[in-house]
$ cat model_9.cif   # mmCIF, C-alpha atoms
data_target
#
loop_
_atom_site.group_PDB
_atom_site.id
_atom_site.type_symbol
_atom_site.label_atom_id
_atom_site.label_comp_id
_atom_site.auth_asym_id
_atom_site.auth_seq_id
_atom_site.Cartn_x
_atom_site.Cartn_y
_atom_site.Cartn_z
ATOM 1 C CA MET A 1 -66.335 57.511 -86.628
ATOM 2 C CA THR A 2 -67.079 56.005 -83.277
ATOM 3 C CA THR A 3 -65.307 52.915 -82.118
ATOM 4 C CA ALA A 4 -66.062 50.474 -79.376
ATOM 5 C CA LYS A 5 -63.004 48.676 -78.086
ATOM 6 C CA GLY A 6 -64.458 45.235 -77.609
ATOM 7 C CA ALA A 7 -67.658 46.687 -76.293
ATOM 8 C CA GLY A 8 -71.095 46.007 -77.737
ATOM 9 C CA GLY A 9 -70.333 42.516 -78.953
ATOM 10 C CA VAL A 10 -69.449 41.076 -82.295
ATOM 11 C CA SER A 11 -72.631 42.279 -84.022
ATOM 12 C CA THR A 12 -71.792 45.896 -83.226
ATOM 13 C CA ILE A 13 -68.228 45.378 -84.358
ATOM 14 C CA LYS A 14 -69.510 43.792 -87.548
ATOM 15 C CA GLN A 15 -71.597 46.830 -88.403
ATOM 16 C CA GLN A 16 -68.725 49.170 -87.684
ATOM 17 C CA ILE A 17 -66.436 47.161 -89.949
ATOM 18 C CA ILE A 18 -69.006 47.124 -92.731
ATOM 19 C CA ASN A 19 -69.570 50.863 -92.377
ATOM 20 C CA TYR A 20 -65.832 51.467 -92.470
ATOM 21 C CA ILE A 21 -65.365 49.409 -95.616
ATOM 22 C CA VAL A 22 -68.321 50.981 -97.409
ATOM 23 C CA ASP A 23 -67.406 54.536 -96.396
ATOM 24 C CA THR A 24 -63.665 54.249 -96.936
ATOM 25 C CA TYR A 25 -63.522 52.268 -100.156
ATOM 26 C CA GLY A 26 -66.683 53.446 -101.842
ATOM 27 C CA ILE A 27 -68.224 50.003 -102.100
ATOM 28 C CA ASP A 28 -71.931 49.920 -102.825
ATOM 29 C CA PRO A 29 -73.622 48.463 -99.725
ATOM 30 C CA SER A 30 -76.071 46.549 -101.898
ATOM 31 C CA ASP A 31 -73.140 44.736 -103.513
ATOM 32 C CA PHE A 32 -71.586 43.781 -100.229
ATOM 33 C CA ASP A 33 -72.259 41.083 -97.662
ATOM 34 C CA ASP A 34 -70.394 38.866 -95.197
ATOM 35 C CA ASN A 35 -69.079 36.700 -98.001
ATOM 36 C CA THR A 36 -67.923 39.398 -100.390
ATOM 37 C CA SER A 37 -64.283 38.754 -101.104
ATOM 38 C CA LEU A 38 -62.149 41.729 -100.141
ATOM 39 C CA PHE A 39 -58.676 40.453 -100.640
ATOM 40 C CA SER A 40 -58.624 37.625 -103.145
ATOM 41 C CA SER A 41 -60.862 39.609 -105.478
ATOM 42 C CA GLY A 42 -58.459 42.511 -105.435
ATOM 43 C CA ILE A 43 -61.090 44.964 -104.189
ATOM 44 C CA LEU A 44 -58.638 45.973 -101.498
ATOM 45 C CA ASP A 45 -54.906 46.075 -102.019
ATOM 46 C CA SER A 46 -52.297 45.327 -99.379
ATOM 47 C CA PHE A 47 -52.098 48.932 -98.273
ATOM 48 C CA ASN A 48 -55.888 49.145 -97.874
ATOM 49 C CA MET A 49 -55.770 45.919 -95.886
ATOM 50 C CA VAL A 50 -53.240 47.362 -93.439
ATOM 51 C CA GLU A 51 -55.650 50.207 -92.771
ATOM 52 C CA LEU A 52 -58.571 47.815 -92.396
ATOM 53 C CA VAL A 53 -56.618 45.587 -90.023
ATOM 54 C CA SER A 54 -55.738 48.611 -87.892
ATOM 55 C CA PHE A 55 -59.389 49.636 -87.812
ATOM 56 C CA VAL A 56 -60.532 46.160 -86.790
ATOM 57 C CA GLU A 57 -57.901 46.031 -84.056
ATOM 58 C CA GLU A 58 -58.919 49.434 -82.712
ATOM 59 C CA THR A 59 -62.601 48.620 -82.886
ATOM 60 C CA ALA A 60 -62.446 45.151 -81.368
ATOM 61 C CA GLY A 61 -59.568 45.723 -78.977
ATOM 62 C CA ILE A 62 -57.531 42.860 -80.397
ATOM 63 C CA ARG A 63 -54.222 42.461 -82.185
ATOM 64 C CA PHE A 64 -53.596 40.375 -85.289
ATOM 65 C CA GLY A 65 -50.459 38.275 -85.161
ATOM 66 C CA VAL A 66 -48.252 38.559 -88.232
ATOM 67 C CA LEU A 67 -48.893 34.916 -89.066
ATOM 68 C CA ASP A 68 -52.654 35.522 -88.824
ATOM 69 C CA LEU A 69 -52.600 38.083 -91.636
ATOM 70 C CA ASN A 70 -53.797 35.786 -94.362
ATOM 71 C CA LEU A 71 -56.789 35.057 -96.562
ATOM 72 C CA ASP A 72 -58.293 32.611 -94.090
ATOM 73 C CA ASN A 73 -58.747 35.373 -91.520
ATOM 74 C CA LEU A 74 -59.203 38.424 -93.702
ATOM 75 C CA ASP A 75 -60.761 37.657 -97.040
ATOM 76 C CA ASP A 76 -64.314 38.642 -96.150
ATOM 77 C CA VAL A 77 -66.211 40.166 -93.245
ATOM 78 C CA GLY A 78 -67.374 36.739 -92.103
ATOM 79 C CA ARG A 79 -63.795 35.512 -91.756
ATOM 80 C CA ILE A 80 -62.693 38.703 -90.036
ATOM 81 C CA LEU A 81 -65.473 38.348 -87.490
ATOM 82 C CA ARG A 82 -64.641 34.709 -86.821
ATOM 83 C CA TYR A 83 -61.072 35.734 -86.120
ATOM 84 C CA VAL A 84 -62.191 38.628 -83.929
ATOM 85 C CA ASN A 85 -64.471 36.299 -82.023
ATOM 86 C CA SER A 86 -61.656 33.851 -81.448
ATOM 87 C CA ARG A 87 -59.401 36.571 -80.130
ATOM 88 C CA MET A 88 -62.115 37.922 -77.879
ATOM 89 C CA GLY A 89 -62.516 34.516 -76.316
ATOM 90 C CA GLY A 90 -65.686 33.633 -78.141
ATOM 91 C CA MET B 1 -25.552 34.203 -114.952
ATOM 92 C CA VAL B 2 -24.320 34.022 -111.379
ATOM 93 C CA THR B 3 -24.213 30.550 -109.846
ATOM 94 C CA GLY B 4 -25.466 30.302 -106.293
ATOM 95 C CA THR B 5 -28.194 32.883 -106.913
ATOM 96 C CA ASP B 6 -31.730 31.759 -106.220
ATOM 97 C CA ILE B 7 -35.169 33.157 -105.638
ATOM 98 C CA GLU B 8 -37.561 31.669 -103.067
ATOM 99 C CA GLU B 9 -41.131 32.588 -102.279
ATOM 100 C CA LEU B 10 -41.094 35.089 -99.446
ATOM 101 C CA THR B 11 -41.939 33.346 -96.178
ATOM 102 C CA PRO B 12 -42.701 34.799 -92.727
ATOM 103 C CA ASP B 13 -39.091 34.189 -91.683
ATOM 104 C CA PHE B 14 -38.110 37.030 -93.994
ATOM 105 C CA TYR B 15 -40.951 39.517 -93.420
ATOM 106 C CA ALA B 16 -39.005 41.575 -90.909
ATOM 107 C CA LEU B 17 -35.939 41.681 -93.137
ATOM 108 C CA ALA B 18 -38.009 42.682 -96.150
ATOM 109 C CA ALA B 19 -39.676 45.442 -94.144
ATOM 110 C CA HIS B 20 -36.287 46.674 -92.958
ATOM 111 C CA TRP B 21 -34.967 46.863 -96.501
ATOM 112 C CA LEU B 22 -38.089 48.546 -97.883
ATOM 113 C CA SER B 23 -37.932 51.120 -95.099
ATOM 114 C CA ASP B 24 -34.327 52.056 -95.801
ATOM 115 C CA PRO B 25 -34.527 55.623 -97.177
ATOM 116 C CA GLU B 26 -31.749 54.921 -99.680
ATOM 117 C CA ILE B 27 -33.814 52.082 -101.112
ATOM 118 C CA ASN B 28 -37.291 53.440 -100.505
ATOM 119 C CA LYS B 29 -36.735 56.626 -102.496
ATOM 120 C CA TRP B 30 -36.430 54.582 -105.706
ATOM 121 C CA LEU B 31 -39.597 52.526 -105.207
ATOM 122 C CA TYR B 32 -43.076 52.888 -106.614
ATOM 123 C CA ALA B 33 -45.246 55.495 -104.943
ATOM 124 C CA GLU B 34 -47.324 53.121 -102.833
ATOM 125 C CA TRP B 35 -44.170 51.882 -101.068
ATOM 126 C CA ARG B 36 -43.002 55.442 -100.519
ATOM 127 C CA GLU B 37 -46.373 56.523 -99.157
ATOM 128 C CA HIS B 38 -46.786 53.759 -96.588
ATOM 129 C CA PRO B 39 -44.337 52.725 -93.870
ATOM 130 C CA ALA B 40 -43.238 49.159 -94.468
ATOM 131 C CA ASP B 41 -43.563 46.817 -91.529
ATOM 132 C CA GLU B 42 -43.949 43.063 -91.110
ATOM 133 C CA ARG B 43 -47.712 43.344 -91.260
ATOM 134 C CA LEU B 44 -47.692 45.099 -94.611
ATOM 135 C CA ILE B 45 -45.220 42.576 -95.979
ATOM 136 C CA ALA B 46 -47.404 39.718 -94.742
ATOM 137 C CA LEU B 47 -50.455 41.212 -96.442
ATOM 138 C CA ALA B 48 -48.560 41.939 -99.634
ATOM 139 C CA ALA B 49 -47.225 38.380 -99.695
ATOM 140 C CA HIS B 50 -50.750 36.968 -99.403
ATOM 141 C CA HIS B 51 -52.423 39.334 -101.823
ATOM 142 C CA PRO B 52 -53.418 37.538 -105.031
ATOM 143 C CA ARG B 53 -52.139 40.387 -107.168
ATOM 144 C CA ASN B 54 -48.590 40.090 -105.844
ATOM 145 C CA ARG B 55 -45.821 37.557 -105.793
ATOM 146 C CA LEU B 56 -42.756 38.255 -103.710
ATOM 147 C CA TRP B 57 -39.479 36.402 -103.582
ATOM 148 C CA ILE B 58 -36.389 36.646 -101.434
ATOM 149 C CA ILE B 59 -33.185 36.612 -103.449
ATOM 150 C CA THR B 60 -30.349 34.593 -101.997
ATOM 151 C CA VAL B 61 -26.736 34.348 -103.021
ATOM 152 C CA ASN B 62 -24.950 31.282 -101.710
ATOM 153 C CA GLY B 63 -27.813 30.763 -99.295
ATOM 154 C CA LYS B 64 -27.685 34.246 -97.774
ATOM 155 C CA PRO B 65 -30.424 36.864 -98.193
ATOM 156 C CA TYR B 66 -29.398 39.307 -100.905
ATOM 157 C CA GLY B 67 -32.532 41.190 -101.966
ATOM 158 C CA LEU B 68 -36.165 41.111 -102.913
ATOM 159 C CA CYS B 69 -37.988 40.813 -106.180
ATOM 160 C CA SER B 70 -41.635 40.989 -106.991
ATOM 161 C CA ILE B 71 -44.285 40.876 -109.651
ATOM 162 C CA GLY B 72 -47.143 43.119 -108.583
ATOM 163 C CA ASN B 73 -50.360 44.483 -110.038
ATOM 164 C CA ILE B 74 -50.903 41.087 -111.582
ATOM 165 C CA SER B 75 -53.813 41.119 -113.996
ATOM 166 C CA LYS B 76 -55.344 37.789 -114.913
ATOM 167 C CA VAL B 77 -57.320 39.490 -117.644
ATOM 168 C CA ASP B 78 -54.347 41.156 -119.320
ATOM 169 C CA ARG B 79 -51.894 38.508 -118.113
ATOM 170 C CA SER B 80 -49.520 41.234 -117.132
ATOM 171 C CA GLY B 81 -47.589 42.310 -114.091
ATOM 172 C CA VAL B 82 -45.199 44.949 -112.848
ATOM 173 C CA ALA B 83 -41.706 43.946 -111.792
ATOM 174 C CA TRP B 84 -39.501 45.504 -109.163
ATOM 175 C CA CYS B 85 -36.493 44.350 -107.247
ATOM 176 C CA LEU B 86 -33.948 45.616 -104.779
ATOM 177 C CA ARG B 87 -30.645 44.678 -103.224
ATOM 178 C CA GLY B 88 -30.854 44.609 -99.456
ATOM 179 C CA SER B 89 -29.511 47.321 -97.196
ATOM 180 C CA GLY B 90 -25.835 46.959 -96.544
ATOM 181 C CA VAL B 91 -25.594 43.870 -98.715
ATOM 182 C CA LYS B 92 -22.354 43.680 -100.643
ATOM 183 C CA HIS B 93 -22.846 43.915 -104.381
ATOM 184 C CA VAL B 94 -22.357 40.687 -106.297
ATOM 185 C CA PRO B 95 -21.968 41.404 -110.022
ATOM 186 C CA ALA B 96 -24.898 40.184 -112.116
ATOM 187 C CA ALA B 97 -26.740 38.703 -109.104
ATOM 188 C CA MET B 98 -29.717 41.005 -109.529
ATOM 189 C CA THR B 99 -29.858 40.401 -113.290
ATOM 190 C CA THR B 100 -29.724 36.649 -112.715
ATOM 191 C CA SER B 101 -32.486 36.872 -110.103
ATOM 192 C CA LEU B 102 -34.633 39.051 -112.305
ATOM 193 C CA ARG B 103 -34.370 36.587 -115.181
ATOM 194 C CA LYS B 104 -35.306 33.705 -112.875
ATOM 195 C CA MET B 105 -38.336 35.647 -111.708
ATOM 196 C CA LEU B 106 -39.315 36.414 -115.285
ATOM 197 C CA ARG B 107 -39.134 32.731 -116.181
ATOM 198 C CA VAL B 108 -41.595 32.025 -113.375
ATOM 199 C CA ALA B 109 -43.768 34.887 -114.594
ATOM 200 C CA PHE B 110 -43.903 33.557 -118.153
ATOM 201 C CA THR B 111 -44.251 29.861 -117.295
ATOM 202 C CA ASP B 112 -45.892 29.165 -113.917
ATOM 203 C CA MET B 113 -47.801 32.433 -113.824
ATOM 204 C CA GLN B 114 -48.500 32.392 -117.571
ATOM 205 C CA LEU B 115 -48.120 36.123 -117.942
ATOM 206 C CA ARG B 116 -47.865 37.495 -121.445
ATOM 207 C CA SER B 117 -46.002 40.661 -120.526
ATOM 208 C CA VAL B 118 -44.142 42.216 -117.643
ATOM 209 C CA ASN B 119 -43.350 45.868 -117.323
ATOM 210 C CA ALA B 120 -41.283 48.053 -115.074
ATOM 211 C CA SER B 121 -40.753 51.739 -114.623
ATOM 212 C CA ILE B 122 -37.573 53.254 -113.328
ATOM 213 C CA MET B 123 -36.616 56.747 -112.314
ATOM 214 C CA ALA B 124 -34.356 58.248 -114.949
ATOM 215 C CA PRO B 125 -31.426 58.955 -112.556
ATOM 216 C CA ASN B 126 -31.364 55.318 -111.413
ATOM 217 C CA MET B 127 -28.798 54.211 -113.972
ATOM 218 C CA ALA B 128 -27.901 51.003 -112.151
ATOM 219 C CA SER B 129 -31.465 49.737 -112.332
ATOM 220 C CA ARG B 130 -31.851 50.799 -115.928
ATOM 221 C CA ARG B 131 -28.738 48.855 -116.936
ATOM 222 C CA MET B 132 -29.882 45.877 -114.891
ATOM 223 C CA VAL B 133 -33.305 45.552 -116.527
ATOM 224 C CA GLU B 134 -31.792 45.997 -119.983
ATOM 225 C CA ARG B 135 -29.306 43.204 -119.296
ATOM 226 C CA ALA B 136 -32.238 41.056 -118.177
ATOM 227 C CA GLY B 137 -33.940 41.537 -121.534
ATOM 228 C CA PHE B 138 -36.339 44.410 -120.948
ATOM 229 C CA ARG B 139 -36.783 46.929 -123.750
ATOM 230 C CA GLU B 140 -37.325 50.610 -123.212
ATOM 231 C CA ALA B 141 -40.935 51.307 -124.102
ATOM 232 C CA GLY B 142 -41.193 55.013 -123.479
ATOM 233 C CA VAL B 143 -40.771 57.910 -121.146
ATOM 234 C CA LEU B 144 -43.328 59.543 -118.904
ATOM 235 C CA ARG B 145 -42.023 63.016 -118.428
ATOM 236 C CA GLU B 146 -41.520 63.971 -114.796
ATOM 237 C CA GLY B 147 -43.503 60.914 -113.765
ATOM 238 C CA PHE B 148 -41.731 60.347 -110.478
ATOM 239 C CA ALA B 149 -40.968 62.577 -107.513
ATOM 240 C CA LEU B 150 -37.436 62.077 -106.241
ATOM 241 C CA GLU B 151 -36.030 64.028 -103.325
ATOM 242 C CA GLY B 152 -38.152 67.071 -104.002
ATOM 243 C CA GLU B 153 -37.788 67.127 -107.756
ATOM 244 C CA PHE B 154 -39.705 65.550 -110.594
ATOM 245 C CA VAL B 155 -37.773 63.123 -112.737
ATOM 246 C CA ASP B 156 -38.714 61.201 -115.828
ATOM 247 C CA ARG B 157 -40.239 57.730 -115.515
ATOM 248 C CA ILE B 158 -38.592 55.349 -117.958
ATOM 249 C CA LEU B 159 -40.929 52.552 -119.012
ATOM 250 C CA PHE B 160 -39.662 49.089 -119.844
ATOM 251 C CA ASP B 161 -41.405 45.925 -120.950
ATOM 252 C CA ILE B 162 -40.542 42.358 -121.714
ATOM 253 C CA LEU B 163 -42.258 39.471 -123.463
ATOM 254 C CA PRO B 164 -41.381 35.789 -123.190
ATOM 255 C CA GLU B 165 -39.525 35.832 -126.492
ATOM 256 C CA ASP B 166 -37.277 38.635 -125.215
ATOM 257 C CA LEU B 167 -36.055 36.441 -122.410
ATOM 258 C CA GLU B 168 -34.667 33.698 -124.638
#
$ encode --input "model_9.cif" --output "structure tokens"
Amino acid sequence: MTTAKGAGGVSTIKQQIINYIVDTYGIDPSDFDDNTSLFSSGILDSFNMVELVSFVEETAGIRFGVLDLNLDNLDDVGRILRYVNSRMGG
Amino acid sequence: MVTGTDIEELTPDFYALAAHWLSDPEINKWLYAEWREHPADERLIALAAHHPRNRLWIITVNGKPYGLCSIGNISKVDRSGVAWCLRGSGVKHVPAAMTTSLRKMLRVAFTDMQLRSVNASIMAPNMASRRMVERAGFREAGVLREGFALEGEFVDRILFDILPEDLE
């Protein structure tokens, strides 16, 4: 799996995150979009989320603060990307 | 009941402490597999605390952190959850504090959370925890033979459950 630390922009990061989620957790891509709940739906448990957070950090070259690890920033791909964008200075 | 014992929703102030306790090998070896398989750090605790299928509480005795308790694997369909709790690393034992805390948590589970049942499973050699859940009102529901791995050996998993009427 290739990663791009902050390179390629948010759209590239978005696709990498989606690919990671689909490949790692066996989610059907046709059932999944920016608004698909990952956390509050229970699709991913806390341990999965740690792995996903690490992947997002590696891919985007950012670091989540402990207080930022919440539903507002993590519950779906859209929220994750908004957080990533804010950390990248977007 | 032990006066001065309370449970409070786990807040970020206690994430590091919770992670420290969960990482203690003498505590960790007794926990469910997912906690043994993953290193506990503040980030994991933060995610666990926010996950809709978990509730975590810090146990205090006379205002000082004493342990953790949790209802996990919460099912809204089955209205069930899995209980676990621990006394913190190096924390001096206060008789009946864990039982008192567990009963307080169960009251929340059966009232605020509207669960119908709570279960727990304990490694057979963990006699202290077995006595504690029984004092709290849990009933032994069965045994899964060699259902846990403990220090290189397989030990039986003792299943317990409790309903609201058992708590009265």
$ resolve_selection --input "model_9.cif" --expression "the PyMOL selection byres ((chain B) within 8 of (chain A))" --output "list in words"
Pro12, Glu34, His38, Glu42, Arg43, Leu44, Ala46, Leu47, Ala48, His50, His51, Pro52 and Arg53 of chain B
$ atom_distance --input "model_9.cif" --atom1 "CA of Gly26 (chain A)" --atom2 "CA of Val77 (chain A)"
15.8 Å
$ closest_residue --input "model_9.cif" --among "B:Ala49, B:Ala136, B:Leu144, B:Ile71" --to "Thr100 (chain B)" --atoms "all atoms listed in the file"
B:Ala136
$ residues_around --input "model_9.cif" --residues "Tyr83 (chain A)" --least-positions-apart "4" --cutoff "8 Å" --atoms "all atoms listed in the file" --output "ChimeraX atom specification"
/A:73,79,87
$ write_last_selection --input "model_9.cif" --atoms "C-alpha atoms" --output "short mmCIF file (atom, residue, chain, number, x, y, z; two decimals), in the coordinates of the input"
data_model
loop_
_atom_site.label_atom_id
_atom_site.label_comp_id
_atom_site.auth_asym_id
_atom_site.auth_seq_id
_atom_site.Cartn_x
_atom_site.Cartn_y
_atom_site.Cartn_z
CA ASN A 73 -58.75 35.37 -91.52
CA ARG A 79 -63.80 35.51 -91.76
CA ARG A 87 -59.40 36.57 -80.13
#
$ closest_residue --input "model_9.cif" --among "A:Val10, A:Ile80, A:Asp23, A:Gln16" --to "Thr36 (chain A)" --atoms "all atoms listed in the file"
A:Ile80
$ closest_atom_pairs --input "model_9.cif" --of "region 43-79 of chain B" --to "region 91-95 of chain B" --cutoff "9 Å" --atoms "all atoms listed in the file" --output "Markdown table"
| residue | atom | partner | partner_atom | distance |
| --- | --- | --- | --- | --- |
| B:Val61 | CA | B:Val94 | CA | 8.4 |
| B:Pro65 | CA | B:Val91 | CA | 8.5 |
| B:Tyr66 | CA | B:Val91 | CA | 6.3 |
| B:Gly67 | CA | B:Val91 | CA | 8.1 |
$ residues_around --input "model_9.cif" --residues "Asn19 (chain A)" --least-positions-apart "5" --cutoff "9 Å" --atoms "all atoms listed in the file" --output "list in words"
Lys14, Thr24 and Pro29 of chain A
$ closest_residue --input "model_9.cif" --among "B:Phe154, B:Ala149, B:Leu31, B:Leu106" --to "Ile122 (chain B)" --atoms "all atoms listed in the file"
B:Leu31
$ closest_residue --input "model_9.cif" --among "B:Phe148, B:Ala96, B:Asn119, B:Trp30" --to "Arg131 (chain B)" --atoms "only C-alpha atoms"
B:Ala96
$ closest_residue --input "model_9.cif" --among "B:Val155, B:Val118, B:Leu167, B:Leu86" --to "Arg103 (chain B)" --atoms "all atoms listed in the file"
B:Leu167
$ resolve_selection --input "model_9.cif" --expression "the PyMOL selection byres ((chain B and resi 13-26) around 6)" --output "PyMOL selection string"
chain B and resi 11-12+27-29+40-42+45+88-89
$ residues_near_point --input "model_9.cif" --point "(-42.0, 30.9, -110.7)" --cutoff "12 Å" --atoms "all atoms listed in the file" --output "MDAnalysis selection string"
chainID B and resid 6:9 55:57 69:71 101:115
$ atom_distance --input "model_9.cif" --atom1 "CA of Asp156 (chain B)" --atom2 "CA of Ala124 (chain B)"
5.3 Å
$ atom_distance --input "model_9.cif" --atom1 "CA of Tyr25 (chain A)" --atom2 "CA of Thr59 (chain A)"
17.7 Å
$ residues_near_point --input "model_9.cif" --point "(-28.6, 46.5, -110.3)" --cutoff "7 Å" --atoms "all atoms listed in the file" --output "JSON, numbers by chain"
{"B": [98, 99, 128, 129, 132]}
$ residues_around --input "model_9.cif" --residues "Gly89 (chain A)" --least-positions-apart "2" --cutoff "12 Å" --atoms "all atoms listed in the file" --output "ChimeraX atom specification"
/A:6,9-10,60-62,82-87
$ closest_residue --input "model_9.cif" --among "A:Leu81, A:Ser11, A:Phe32, A:Ile17" --to "Leu52 (chain A)" --atoms "all atoms listed in the file"
A:Ile17
$ axis_aligned_box --input "model_9.cif" --around "region 39-54 of chain A" --padding-each-side "6 Å" --output "lines of an AutoDock Vina configuration file"
center_x = -56.6
center_y = 43.9
center_z = -96.7
size_x = 21.0
size_y = 24.6
size_z = 29.6
$ resolve_selection --input "model_9.cif" --expression "the PyMOL selection byres ((chain B and resi 164) around 8)" --output "compact mmCIF listing (two decimals) with C-alpha atoms, keeping the file's coordinate frame"
# COMPACT_ATOMS: atom_id res chain seq x y z
CA ARG B 107 -39.13 32.73 -116.18
CA PHE B 110 -43.90 33.56 -118.15
CA ARG B 116 -47.86 37.49 -121.44
CA SER B 117 -46.00 40.66 -120.53
CA ILE B 162 -40.54 42.36 -121.71
CA LEU B 163 -42.26 39.47 -123.46
CA GLU B 165 -39.52 35.83 -126.49
CA ASP B 166 -37.28 38.64 -125.22
CA LEU B 167 -36.06 36.44 -122.41
CA GLU B 168 -34.67 33.70 -124.64
$ decode --input "model_9.cif" --residues "region 11-77 of chain B" --atoms "C-alpha atoms" --output "PDB file, in the first residue's frame"
ATOM      1  CA  THR B  11     -12.852  11.860  31.056  1.00  0.00           C
ATOM      2  CA  PRO B  12      -9.642  12.829  29.225  1.00  0.00           C
ATOM      3  CA  ASP B  13      -8.015  13.699  32.555  1.00  0.00           C
ATOM      4  CA  PHE B  14      -7.904   9.982  33.290  1.00  0.00           C
ATOM      5  CA  TYR B  15      -7.002   8.537  29.872  1.00  0.00           C
ATOM      6  CA  ALA B  16      -3.308   8.277  30.655  1.00  0.00           C
ATOM      7  CA  LEU B  17      -3.975   6.647  34.013  1.00  0.00           C
ATOM      8  CA  ALA B  18      -6.403   4.178  32.473  1.00  0.00           C
ATOM      9  CA  ALA B  19      -3.872   3.298  29.782  1.00  0.00           C
ATOM     10  CA  HIS B  20      -1.189   2.802  32.422  1.00  0.00           C
ATOM     11  CA  TRP B  21      -3.383   0.432  34.397  1.00  0.00           C
ATOM     12  CA  LEU B  22      -4.518  -1.528  31.339  1.00  0.00           C
ATOM     13  CA  SER B  23      -0.905  -1.915  30.246  1.00  0.00           C
ATOM     14  CA  ASP B  24       0.232  -3.325  33.575  1.00  0.00           C
ATOM     15  CA  PRO B  25       1.083  -6.979  32.813  1.00  0.00           C
ATOM     16  CA  GLU B  26      -0.335  -8.112  36.157  1.00  0.00           C
ATOM     17  CA  ILE B  27      -3.669  -6.572  35.217  1.00  0.00           C
ATOM     18  CA  ASN B  28      -3.570  -7.055  31.467  1.00  0.00           C
ATOM     19  CA  LYS B  29      -3.160 -10.826  31.647  1.00  0.00           C
ATOM     20  CA  TRP B  30      -6.660 -11.149  33.139  1.00  0.00           C
ATOM     21  CA  LEU B  31      -8.432  -8.998  30.543  1.00  0.00           C
ATOM     22  CA  TYR B  32     -10.433  -9.898  27.477  1.00  0.00           C
ATOM     23  CA  ALA B  33      -8.405 -10.823  24.422  1.00  0.00           C
ATOM     24  CA  GLU B  34      -8.765  -7.525  22.580  1.00  0.00           C
ATOM     25  CA  TRP B  35      -7.078  -5.690  25.475  1.00  0.00           C
ATOM     26  CA  ARG B  36      -4.312  -8.273  25.586  1.00  0.00           C
ATOM     27  CA  GLU B  37      -3.753  -8.089  21.838  1.00  0.00           C
ATOM     28  CA  HIS B  38      -3.439  -4.315  21.563  1.00  0.00           C
ATOM     29  CA  PRO B  39      -1.134  -2.023  23.534  1.00  0.00           C
ATOM     30  CA  ALA B  40      -3.212   0.383  25.578  1.00  0.00           C
ATOM     31  CA  ASP B  41      -2.352   4.037  25.201  1.00  0.00           C
ATOM     32  CA  GLU B  42      -4.231   7.304  25.665  1.00  0.00           C
ATOM     33  CA  ARG B  43      -5.402   7.244  22.076  1.00  0.00           C
ATOM     34  CA  LEU B  44      -7.000   3.830  22.398  1.00  0.00           C
ATOM     35  CA  ILE B  45      -8.651   4.851  25.651  1.00  0.00           C
ATOM     36  CA  ALA B  46      -9.984   8.017  24.018  1.00  0.00           C
ATOM     37  CA  LEU B  47     -11.446   6.011  21.142  1.00  0.00           C
ATOM     38  CA  ALA B  48     -12.886   3.385  23.453  1.00  0.00           C
ATOM     39  CA  ALA B  49     -14.472   6.093  25.600  1.00  0.00           C
ATOM     40  CA  HIS B  50     -16.163   7.630  22.554  1.00  0.00           C
ATOM     41  CA  HIS B  51     -17.253   4.405  20.923  1.00  0.00           C
ATOM     42  CA  PRO B  52     -21.032   3.973  21.126  1.00  0.00           C
ATOM     43  CA  ARG B  53     -20.687   0.334  22.104  1.00  0.00           C
ATOM     44  CA  ASN B  54     -18.692   1.127  25.238  1.00  0.00           C
ATOM     45  CA  ARG B  55     -19.162   2.989  28.463  1.00  0.00           C
ATOM     46  CA  LEU B  56     -16.190   3.478  30.731  1.00  0.00           C
ATOM     47  CA  TRP B  57     -16.061   4.811  34.252  1.00  0.00           C
ATOM     48  CA  ILE B  58     -13.281   5.699  36.640  1.00  0.00           C
ATOM     49  CA  ILE B  59     -13.817   4.299  40.115  1.00  0.00           C
ATOM     50  CA  THR B  60     -12.905   6.588  42.970  1.00  0.00           C
ATOM     51  CA  VAL B  61     -12.665   5.925  46.667  1.00  0.00           C
ATOM     52  CA  ASN B  62     -12.779   9.034  48.818  1.00  0.00           C
ATOM     53  CA  GLY B  63     -12.131  11.092  45.714  1.00  0.00           C
ATOM     54  CA  LYS B  64      -8.994   9.224  44.647  1.00  0.00           C
ATOM     55  CA  PRO B  65      -8.750   7.072  41.510  1.00  0.00           C
ATOM     56  CA  TYR B  66      -9.153   3.428  42.473  1.00  0.00           C
ATOM     57  CA  GLY B  67      -9.935   1.501  39.285  1.00  0.00           C
ATOM     58  CA  LEU B  68     -11.876   1.239  36.081  1.00  0.00           C
ATOM     59  CA  CYS B  69     -15.139  -0.365  35.147  1.00  0.00           C
ATOM     60  CA  SER B  70     -16.838  -0.747  31.837  1.00  0.00           C
ATOM     61  CA  ILE B  71     -19.798  -2.077  29.945  1.00  0.00           C
ATOM     62  CA  GLY B  72     -18.657  -3.029  26.462  1.00  0.00           C
ATOM     63  CA  ASN B  73     -20.056  -4.774  23.408  1.00  0.00           C
ATOM     64  CA  ILE B  74     -23.295  -2.960  24.066  1.00  0.00           C
ATOM     65  CA  SER B  75     -26.068  -4.241  21.839  1.00  0.00           C
ATOM     66  CA  LYS B  76     -29.108  -2.038  21.410  1.00  0.00           C
ATOM     67  CA  VAL B  77     -30.902  -4.901  19.725  1.00  0.00           C
TER      68      VAL B  77
END
